[in-house]
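The next block holds one structure in the form of structure tokens; read it before the comments.
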Amino acid sequence: MVEEQDLPPRPPAHWEADIIAADGGTVHLRPICPEDADGLVGLMERSSDQTRYYRFFGPMKRLSEKDLHRFTHVDHADRVAFVLLLGDQLIGVGRYDRYPDTTDAEIAFLVEDAHQGRGLGSVLLEHLAAAARERGLTRFVAEVLTQNARMVRVFLDAGYQASRSYEEGVVHLTFPIAPTETSLAVAYEREQRSESRSIARLLTPSSVAVVGASNDESKIGSVVLRNLLGYGFDGPVYPVNPGVRHVRGVPAYASIEAIPDDVDLAVLAVPADEVAGVVESCRRKRVRGLVVISGGFGETGPAGREAERRLVASARASGMRVVGPNCLGIVNTDPAIRLDASLAPMVPGRGRVGFFAQSGALGVALLERAHTRNIGLSSFVSAGNRADVSGNDLLQFWATDPGTEVVLLHLESFGNPRKFARLARTVARTKPVVAVKSGRHGGLTPGLAGTSVAVPEQSVAALFTSAGVIRVDTVAQLFEVGMLLAHQPLPTGDRVAVVGNSTALGVLVADAVLDEGLTLAHEAPVDIGSTGSPEAFRAALQAAVADDAVDAVVAVFLPPLVRTPEEYGRALRDVSVGSEKPVVATFLSADGFLPELTVPDAAGMPDRGSVPSYTTPERAVIALARVAEYARWRRRPVGTVPELPDVDGERARSVVRGALAETPAGRQLTDGEVLALLGAYGVPLLGTRLATTAEEAVAAADAIGYPVVLKSTAPWLRHRTDLGGVRLDLGDAAAVRAAFAAIPAGDPVIVQEMAAPGVPTVVEVVDDPSFGALVSFGVGGVATELLGDRAYRTLPLTDLDAAELVRAPRAWPLLDGWRGSEPVDVAALEDLLLRVARLADDLPEVLGLTLSPVIVGPATPWHGGRSLVVAGGTVRIGPPTARVEPGPRRMRDLY
């Protein structure tokens, strides 16, 4: 029997991860264990003499039994090692060993020759550094032979500040391992490249196998094969069906392993219980990616979710990404690829729009709608259950894909909202991202197995706003905005000119322009009249686009009685082609691109300058308003996160960690702890003291200075003036004694200086387990609370974010001089928001924070020289949720 003390210590579970290599393939990383001895021997045997020499500084052929035991038996603290696995083969190892009685450790790697150049050394470094930081280490030391230039670059290019010295052909490198802006930027750039390449491997295969291909037209395998062949895929297509010799006239194979040539992509259209066996065959065949059309997985319940997890884990361990299961498929319209590995009966032509749809069933309808509106796509992915490939992966791909200029997303849920926000914010700076999100009402997002996960609407709205995502309410608006973005320039302002041949339609457009928050460039629409000629229409349009006071043009047209409408359409198109301002139209109530409004490209698809037509004027203006809002966001400077040098982070952390040490599950901080925490972040607090007796209350009031306020600390009474829990404007000791005696419950009281009159506001931090922290702001009062007049932003908060947040509530005029009142010190409010956001970002243990009331007055000397004071606050702490640091690169966790 093995004694417990003889067992090796267990490493943390989160040290295990799936990783995307630089070439887009996947590998598995985990801590080393004694059972890896044979794998380590095999790695040494497959490594070249040079690789072994670089690692061990000598011609080591094999490890001794002593070394093998030492390398595979570690304590996961002072001695840590990670291995990289592809299938069941160990292809790399990295380790650190702490120098005794220091916070330094020596680090070393060994990666098999066949897998060098895949960025695996950088991955090992990131994960070892993260583990070392957890164990209290601060620096790594590396000894590298001078001729091993590749390994030297691994350390120097990681973004750490390394010091170098040379001695007898060895480079001695020492560097701190704390994350820096540079190291994070390097990691994000590498993540983007690797994830983008992993999607490119799926969308640009050289060969495709359809497993489950069938001659039965009712089978999904038949549909997929028909679409692949019919769309003209530029490469071999291999039907796999053990029961027939040919499928649709193409030679069939009994299994994927029977195919004599390499297979890049396998499309699985077999029953769910056969998928695992097919994945194993794909592993042996070294297929590079899978599209699993088959259903019967996560959408069916817990057993299906477990089968889905095993499917993805097996695929990733073998180097494959997975689209699906239960998906519609993927499409790449690139003429050099022409890949239609989907069930869609209708695929749009080539265009500049990348389209992601989570739903498989709805994807058919979405593609059909895009086709009928003549919207060209660059690529399309239906993720189905989103077990592996998600919208975040597609954002990484489209960020640098030269064929994609606009991104459309149909989302039912988020895999990693924090990462989505980071990626979308980056992509949206150069390419518009338009999203429609299901489950807006009731705060519910459909789960993968029919369950629902609560997602507050304010979280989604704040995420999209901060990231510059154009949010639309319906699928129709998704395409309407996409049409405009793909074919017309962005407006440089909000001034809209209306040109048409109908007074009634012109008035409708003018009303819609004002309703959507845009500005009319002229007092009235330009109306050429119902009998106006095409030449008059052209002249009016040309004058509008040439007018410096106009940023965009809406053209409205009803067919004349005597002339053909095509002449007017060509006039509209010709003006648009030469315009640097967006032109949209309501033309014959058509939806999409009419021939006369289209500038065709070489394939006959709408090119730039084509004018999108909308069935109603209101729809045209709504699309234009969404684009104008996005253009404003893109013109806006990025903003900066201020340093706030007076913040005492260590003091604040000691307060929070001390409280969690007492109550690990979390609790609400005491008033004294709240005062200490807020004081560490420079939050301007009213003079406050605690008192348990009437005499203590009088002494506190004497020290603070009259008049004062007494507040009960009982949760059900604090802030409740109506129940007697708050006593205001106490001018002397007698009034304090009387108030103390009158406050019910007998709990300690807060003695606080009386604030000068001002506008009460509320600042909050709301922690969402999925989205992370949101900072909210609103004007205080029953009316605004009843109407939910709060604005939200995600972390981190820049100076420009804070300025927008203060001005976002509908009650903003109350702060800006409403009805002749003096405007408040807005700069002080912005500074408070930045301090609260910094607190939330620094301390993920803070799960909720409310400052109420925050009383703000004019910028002129007001309350003892302060223009803003915080009169009350509560803070709730607990184990961190989604706001913890993202850590080293890893795929979405399955373990």
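Ligands are numbered from 1 in the order shown, residues from 1 within each chain, and chains are lettered A, B, ... in the order they appear in the structure tokens.
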Which range 287-327 of chain A residues have any atom within 7 Å of an atom of range 25-46 of chain A, and for each, what is the nearest pair of atoms with distance in Å to one decimal, counting only C-alpha atoms, rows sorted by chain and number, as CSV?
```
residue,atom,partner,partner_atom,distance
A:Arg316,CA,A:Thr26,CA,5.6
A:Ala317,CA,A:His28,CA,5.6
A:Gly319,CA,A:Thr26,CA,4.1
A:Met320,CA,A:Thr26,CA,6.1
```
Using the selection just defined, write its residues with C-alpha atoms as an mmCIF file, in the first residue's frame.
```cif
data_model
loop_
_atom_site.group_PDB
_atom_site.id
_atom_site.type_symbol
_atom_site.label_atom_id
_atom_site.label_comp_id
_atom_site.auth_asym_id
_atom_site.auth_seq_id
_atom_site.Cartn_x
_atom_site.Cartn_y
_atom_site.Cartn_z
ATOM 1 C CA ARG A 316 -7.415 19.395 -29.588
ATOM 2 C CA ALA A 317 -4.949 16.876 -28.170
ATOM 3 C CA GLY A 319 -3.808 19.158 -33.159
ATOM 4 C CA MET A 320 -7.319 19.801 -34.559
#
```
I'd like the neighbourhood of range 576-581 of chain A as a PDB file with C-alpha atoms, in the first residue's frame, where a residue qualifies if any of its atoms comes within 12 Å (using only C-alpha atoms), though same-chain residues fewer than 5 positions away should be ignored.
```pdb
ATOM      1  CA  LEU A 484     -24.299  50.353 -45.819  1.00  0.00           C
ATOM      2  CA  LEU A 485     -20.904  49.680 -44.231  1.00  0.00           C
ATOM      3  CA  HIS A 487     -20.463  49.736 -49.878  1.00  0.00           C
ATOM      4  CA  GLN A 488     -20.531  53.318 -48.616  1.00  0.00           C
ATOM      5  CA  PRO A 489     -17.955  55.479 -46.783  1.00  0.00           C
ATOM      6  CA  LEU A 490     -18.326  56.431 -43.135  1.00  0.00           C
ATOM      7  CA  PRO A 491     -19.902  59.833 -42.460  1.00  0.00           C
ATOM      8  CA  THR A 492     -17.678  62.499 -40.927  1.00  0.00           C
ATOM      9  CA  GLY A 493     -20.557  64.010 -38.952  1.00  0.00           C
ATOM     10  CA  ASP A 494     -24.273  63.854 -38.166  1.00  0.00           C
ATOM     11  CA  ARG A 495     -25.682  66.347 -40.701  1.00  0.00           C
ATOM     12  CA  VAL A 496     -28.068  64.693 -43.139  1.00  0.00           C
ATOM     13  CA  ALA A 497     -29.488  66.071 -46.397  1.00  0.00           C
ATOM     14  CA  ARG A 538     -28.906  64.118 -60.439  1.00  0.00           C
ATOM     15  CA  LEU A 541     -28.048  64.890 -55.368  1.00  0.00           C
ATOM     16  CA  GLN A 542     -24.779  66.294 -56.676  1.00  0.00           C
ATOM     17  CA  ALA A 543     -25.408  69.589 -54.895  1.00  0.00           C
ATOM     18  CA  ALA A 544     -26.062  67.741 -51.636  1.00  0.00           C
ATOM     19  CA  VAL A 545     -22.877  65.660 -51.714  1.00  0.00           C
ATOM     20  CA  ALA A 546     -20.848  68.738 -52.704  1.00  0.00           C
ATOM     21  CA  ASP A 547     -22.244  70.810 -49.815  1.00  0.00           C
ATOM     22  CA  ASP A 548     -19.710  71.231 -46.980  1.00  0.00           C
ATOM     23  CA  ALA A 549     -22.613  71.415 -44.528  1.00  0.00           C
ATOM     24  CA  VAL A 550     -23.723  67.872 -45.422  1.00  0.00           C
ATOM     25  CA  ASP A 551     -22.218  64.641 -44.023  1.00  0.00           C
ATOM     26  CA  ALA A 552     -24.650  62.088 -45.496  1.00  0.00           C
ATOM     27  CA  VAL A 553     -27.497  61.955 -48.015  1.00  0.00           C
ATOM     28  CA  VAL A 554     -30.809  60.104 -47.897  1.00  0.00           C
ATOM     29  CA  ALA A 555     -32.453  59.797 -51.316  1.00  0.00           C
ATOM     30  CA  GLY A 569     -31.439  54.903 -60.346  1.00  0.00           C
ATOM     31  CA  ARG A 570     -28.454  55.369 -62.614  1.00  0.00           C
ATOM     32  CA  ALA A 571     -28.314  59.051 -61.684  1.00  0.00           C
ATOM     33  CA  LEU A 597     -28.174  51.146 -58.052  1.00  0.00           C
ATOM     34  CA  THR A 598     -25.329  48.634 -58.284  1.00  0.00           C
ATOM     35  CA  VAL A 599     -21.724  49.171 -59.275  1.00  0.00           C
ATOM     36  CA  PRO A 600     -20.801  45.596 -60.261  1.00  0.00           C
ATOM     37  CA  PRO A 606     -22.152  45.028 -55.702  1.00  0.00           C
ATOM     38  CA  ASP A 607     -18.930  46.969 -55.376  1.00  0.00           C
ATOM     39  CA  ARG A 608     -18.088  50.181 -53.530  1.00  0.00           C
ATOM     40  CA  GLY A 609     -20.382  53.015 -54.498  1.00  0.00           C
ATOM     41  CA  SER A 610     -23.420  50.748 -54.846  1.00  0.00           C
ATOM     42  CA  VAL A 611     -26.395  52.376 -53.106  1.00  0.00           C
ATOM     43  CA  PRO A 612     -28.308  50.236 -50.594  1.00  0.00           C
ATOM     44  CA  LEU A 624     -27.412  55.541 -41.168  1.00  0.00           C
ATOM     45  CA  ALA A 628     -22.858  57.592 -37.743  1.00  0.00           C
TER      46      ALA A 628
END
```
Original post:
Counting only C-alpha atoms, what is within 12 Å of Pro760 in chain A, bar same-chain residues fewer than 4 positions away, as JSON, numbers by chain?
Top reply: {"A": [755, 756, 777, 778, 779, 780, 781, 782, 784, 811, 814, 815, 824, 829, 851, 852, 853, 854, 855, 856, 857, 868, 869, 870, 871, 872]}
**OP:** Identify, on the basis of only C-alpha atoms, every residue whose closest approach to range 89-101 of chain A does not exceed 7 Å; exclude the query and any residue fewer than 2 positions from it along the same chain; express the result as a ChimeraX atom specification.
**Re:** /A:39-40,43,78-87,104-112,124
Output C-alpha atoms of each residue in that selection to a file, as a PDB file, in the first residue's frame.
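The resulting file, result.pdb, is shown below:
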```pdb
ATOM      1  CA  GLY A  39       7.781  10.039 -22.988  1.00  0.00           C
ATOM      2  CA  LEU A  40      10.847  12.000 -21.921  1.00  0.00           C
ATOM      3  CA  LEU A  43      11.703  12.945 -26.744  1.00  0.00           C
ATOM      4  CA  ASP A  78      10.320  25.224  -6.057  1.00  0.00           C
ATOM      5  CA  ARG A  79      10.703  22.785  -8.938  1.00  0.00           C
ATOM      6  CA  VAL A  80       8.070  22.973 -11.682  1.00  0.00           C
ATOM      7  CA  ALA A  81       7.975  21.362 -15.127  1.00  0.00           C
ATOM      8  CA  PHE A  82       5.408  21.416 -17.923  1.00  0.00           C
ATOM      9  CA  VAL A  83       5.201  18.984 -20.825  1.00  0.00           C
ATOM     10  CA  LEU A  84       3.662  19.512 -24.259  1.00  0.00           C
ATOM     11  CA  LEU A  85       1.730  16.640 -25.793  1.00  0.00           C
ATOM     12  CA  LEU A  86       0.459  15.974 -29.292  1.00  0.00           C
ATOM     13  CA  GLY A  87      -1.835  12.999 -29.006  1.00  0.00           C
ATOM     14  CA  ASP A 104      15.059  33.553  -8.533  1.00  0.00           C
ATOM     15  CA  ALA A 105      14.792  30.378 -10.602  1.00  0.00           C
ATOM     16  CA  GLU A 106      16.709  28.898 -13.517  1.00  0.00           C
ATOM     17  CA  ILE A 107      14.616  28.034 -16.575  1.00  0.00           C
ATOM     18  CA  ALA A 108      15.289  25.649 -19.469  1.00  0.00           C
ATOM     19  CA  PHE A 109      13.412  24.104 -22.426  1.00  0.00           C
ATOM     20  CA  LEU A 110      13.641  21.153 -24.776  1.00  0.00           C
ATOM     21  CA  VAL A 111      11.386  21.014 -27.860  1.00  0.00           C
ATOM     22  CA  GLU A 112      11.519  18.220 -30.425  1.00  0.00           C
ATOM     23  CA  LEU A 124       6.216  27.271 -22.121  1.00  0.00           C
TER      24      LEU A 124
END
```
Original post:
If you run DSSP on this backbone, which residues of range 393-596 of chain A come out as helix (DSSP H, G or I), and could you give them as a ChimeraX atom specification?
Top reply: /A:393-400,417-428,457-467,475-487,503-515,534-546,565-577,595-596
**OP:** Please provide as a PyMOL selection string all residues within 8 Å of range 731-747 of chain A, with the sequence filter that same-chain residues fewer than 3 positions apart are discarded (counting only C-alpha atoms).
**Re:** chain A and resi 692-695+697-698+701-702+706-708+710+712-714+724-727
How about saving the chosen residues, all heavy atoms kept, as a CSV table (one decimal), in the first residue's frame?
```
chain,number,residue,atom,x,y,z
A,692,THR,N,-20.6,54.1,20.0
A,692,THR,CA,-21.4,53.1,20.6
A,692,THR,C,-22.3,53.6,21.8
A,692,THR,O,-23.2,53.0,22.2
A,692,THR,CB,-20.6,51.9,21.1
A,692,THR,OG1,-19.6,52.3,22.1
A,692,THR,CG2,-19.9,51.2,19.9
A,693,THR,N,-21.9,54.8,22.3
A,693,THR,CA,-22.7,55.4,23.4
A,693,THR,C,-23.0,56.9,23.0
A,693,THR,O,-22.3,57.5,22.1
A,693,THR,CB,-21.9,55.4,24.7
A,693,THR,OG1,-20.7,56.3,24.6
A,693,THR,CG2,-21.4,54.0,25.0
A,694,ALA,N,-23.9,57.5,23.7
A,694,ALA,CA,-24.2,58.9,23.5
A,694,ALA,C,-23.0,59.8,23.7
A,694,ALA,O,-22.8,60.7,23.0
A,694,ALA,CB,-25.4,59.3,24.4
A,695,GLU,N,-22.2,59.5,24.8
A,695,GLU,CA,-21.1,60.4,25.1
A,695,GLU,C,-20.0,60.2,24.0
A,695,GLU,O,-19.4,61.2,23.6
A,695,GLU,CB,-20.5,60.0,26.4
A,695,GLU,CG,-21.5,60.4,27.6
A,695,GLU,CD,-22.0,61.8,27.5
A,695,GLU,OE1,-21.2,62.7,27.3
A,695,GLU,OE2,-23.2,62.0,27.6
A,697,ALA,N,-20.7,59.6,20.9
A,697,ALA,CA,-21.3,60.4,19.8
A,697,ALA,C,-21.0,61.9,19.9
A,697,ALA,O,-20.7,62.6,19.0
A,697,ALA,CB,-22.7,60.1,19.6
A,698,VAL,N,-21.2,62.4,21.1
A,698,VAL,CA,-21.0,63.8,21.4
A,698,VAL,C,-19.5,64.1,21.2
A,698,VAL,O,-19.1,65.1,20.6
A,698,VAL,CB,-21.4,64.2,22.8
A,698,VAL,CG1,-20.9,65.6,23.2
A,698,VAL,CG2,-22.9,64.1,22.9
A,701,ALA,N,-18.8,64.2,17.5
A,701,ALA,CA,-19.3,65.4,16.9
A,701,ALA,C,-18.5,66.7,17.3
A,701,ALA,O,-18.2,67.5,16.4
A,701,ALA,CB,-20.8,65.6,17.4
A,702,ASP,N,-18.0,66.7,18.5
A,702,ASP,CA,-17.1,67.8,18.9
A,702,ASP,C,-15.8,67.9,18.0
A,702,ASP,O,-15.4,68.9,17.6
A,702,ASP,CB,-16.7,67.7,20.4
A,702,ASP,CG,-17.9,68.0,21.3
A,702,ASP,OD1,-18.9,68.7,20.8
A,702,ASP,OD2,-17.9,67.6,22.5
A,706,TYR,N,-19.7,70.9,14.3
A,706,TYR,CA,-21.1,70.9,14.1
A,706,TYR,C,-21.4,71.8,12.8
A,706,TYR,O,-20.6,72.7,12.5
A,706,TYR,CB,-21.9,71.5,15.3
A,706,TYR,CG,-21.8,70.6,16.5
A,706,TYR,CD1,-20.8,70.9,17.5
A,706,TYR,CD2,-22.6,69.6,16.7
A,706,TYR,CE1,-20.7,70.1,18.6
A,706,TYR,CE2,-22.6,68.8,17.8
A,706,TYR,CZ,-21.6,69.0,18.8
A,706,TYR,OH,-21.5,68.2,19.9
A,707,PRO,N,-22.6,71.5,12.2
A,707,PRO,CA,-23.6,70.5,12.4
A,707,PRO,C,-23.1,69.1,11.9
A,707,PRO,O,-22.2,69.0,11.1
A,707,PRO,CB,-24.8,71.0,11.6
A,707,PRO,CG,-24.2,71.7,10.5
A,707,PRO,CD,-22.9,72.4,11.0
A,708,VAL,N,-23.7,68.0,12.5
A,708,VAL,CA,-23.4,66.7,12.2
A,708,VAL,C,-24.6,65.9,11.8
A,708,VAL,O,-25.8,66.3,12.0
A,708,VAL,CB,-22.6,66.0,13.3
A,708,VAL,CG1,-21.3,66.6,13.6
A,708,VAL,CG2,-23.5,65.9,14.6
A,710,LEU,N,-26.2,61.8,12.3
A,710,LEU,CA,-26.2,60.5,13.0
A,710,LEU,C,-26.9,59.5,12.1
A,710,LEU,O,-28.0,59.7,11.7
A,710,LEU,CB,-26.8,60.5,14.4
A,710,LEU,CG,-25.7,60.6,15.6
A,710,LEU,CD1,-25.0,61.9,15.5
A,710,LEU,CD2,-26.5,60.4,16.9
A,712,SER,N,-27.7,55.2,11.7
A,712,SER,CA,-27.7,53.8,12.3
A,712,SER,C,-26.8,52.9,11.4
A,712,SER,O,-26.8,53.1,10.2
A,712,SER,CB,-29.1,53.3,12.4
A,712,SER,OG,-29.1,51.9,12.7
A,713,THR,N,-26.1,52.0,12.0
A,713,THR,CA,-25.4,51.0,11.3
A,713,THR,C,-26.2,49.7,11.0
A,713,THR,O,-25.7,48.8,10.3
A,713,THR,CB,-24.1,50.6,12.0
A,713,THR,OG1,-24.4,50.1,13.3
A,713,THR,CG2,-23.2,51.8,12.1
A,714,ALA,N,-27.4,49.7,11.5
A,714,ALA,CA,-28.3,48.5,11.2
A,714,ALA,C,-28.6,48.5,9.8
A,714,ALA,O,-29.1,49.5,9.2
A,714,ALA,CB,-29.6,48.6,12.1
A,724,GLY,N,-36.4,56.7,10.7
A,724,GLY,CA,-35.6,57.3,11.9
A,724,GLY,C,-34.2,56.8,11.9
A,724,GLY,O,-33.5,57.0,13.0
A,725,GLY,N,-33.7,56.1,10.9
A,725,GLY,CA,-32.3,55.7,11.0
A,725,GLY,C,-31.3,56.7,10.6
A,725,GLY,O,-30.1,56.5,10.8
A,726,VAL,N,-31.7,57.9,10.2
A,726,VAL,CA,-30.8,59.0,9.8
A,726,VAL,C,-31.3,60.2,10.5
A,726,VAL,O,-32.5,60.6,10.3
A,726,VAL,CB,-30.7,59.2,8.3
A,726,VAL,CG1,-29.7,60.3,8.0
A,726,VAL,CG2,-30.2,57.9,7.6
A,727,ARG,N,-30.5,61.0,11.2
A,727,ARG,CA,-30.9,62.2,11.9
A,727,ARG,C,-29.9,63.3,11.4
A,727,ARG,O,-28.7,63.2,11.5
A,727,ARG,CB,-30.8,62.1,13.4
A,727,ARG,CG,-31.5,60.9,14.0
A,727,ARG,CD,-33.0,61.2,14.0
A,727,ARG,NE,-33.8,60.0,14.3
A,727,ARG,CZ,-35.0,60.0,14.9
A,727,ARG,NH1,-35.6,61.2,15.2
A,727,ARG,NH2,-35.6,58.9,15.2
```
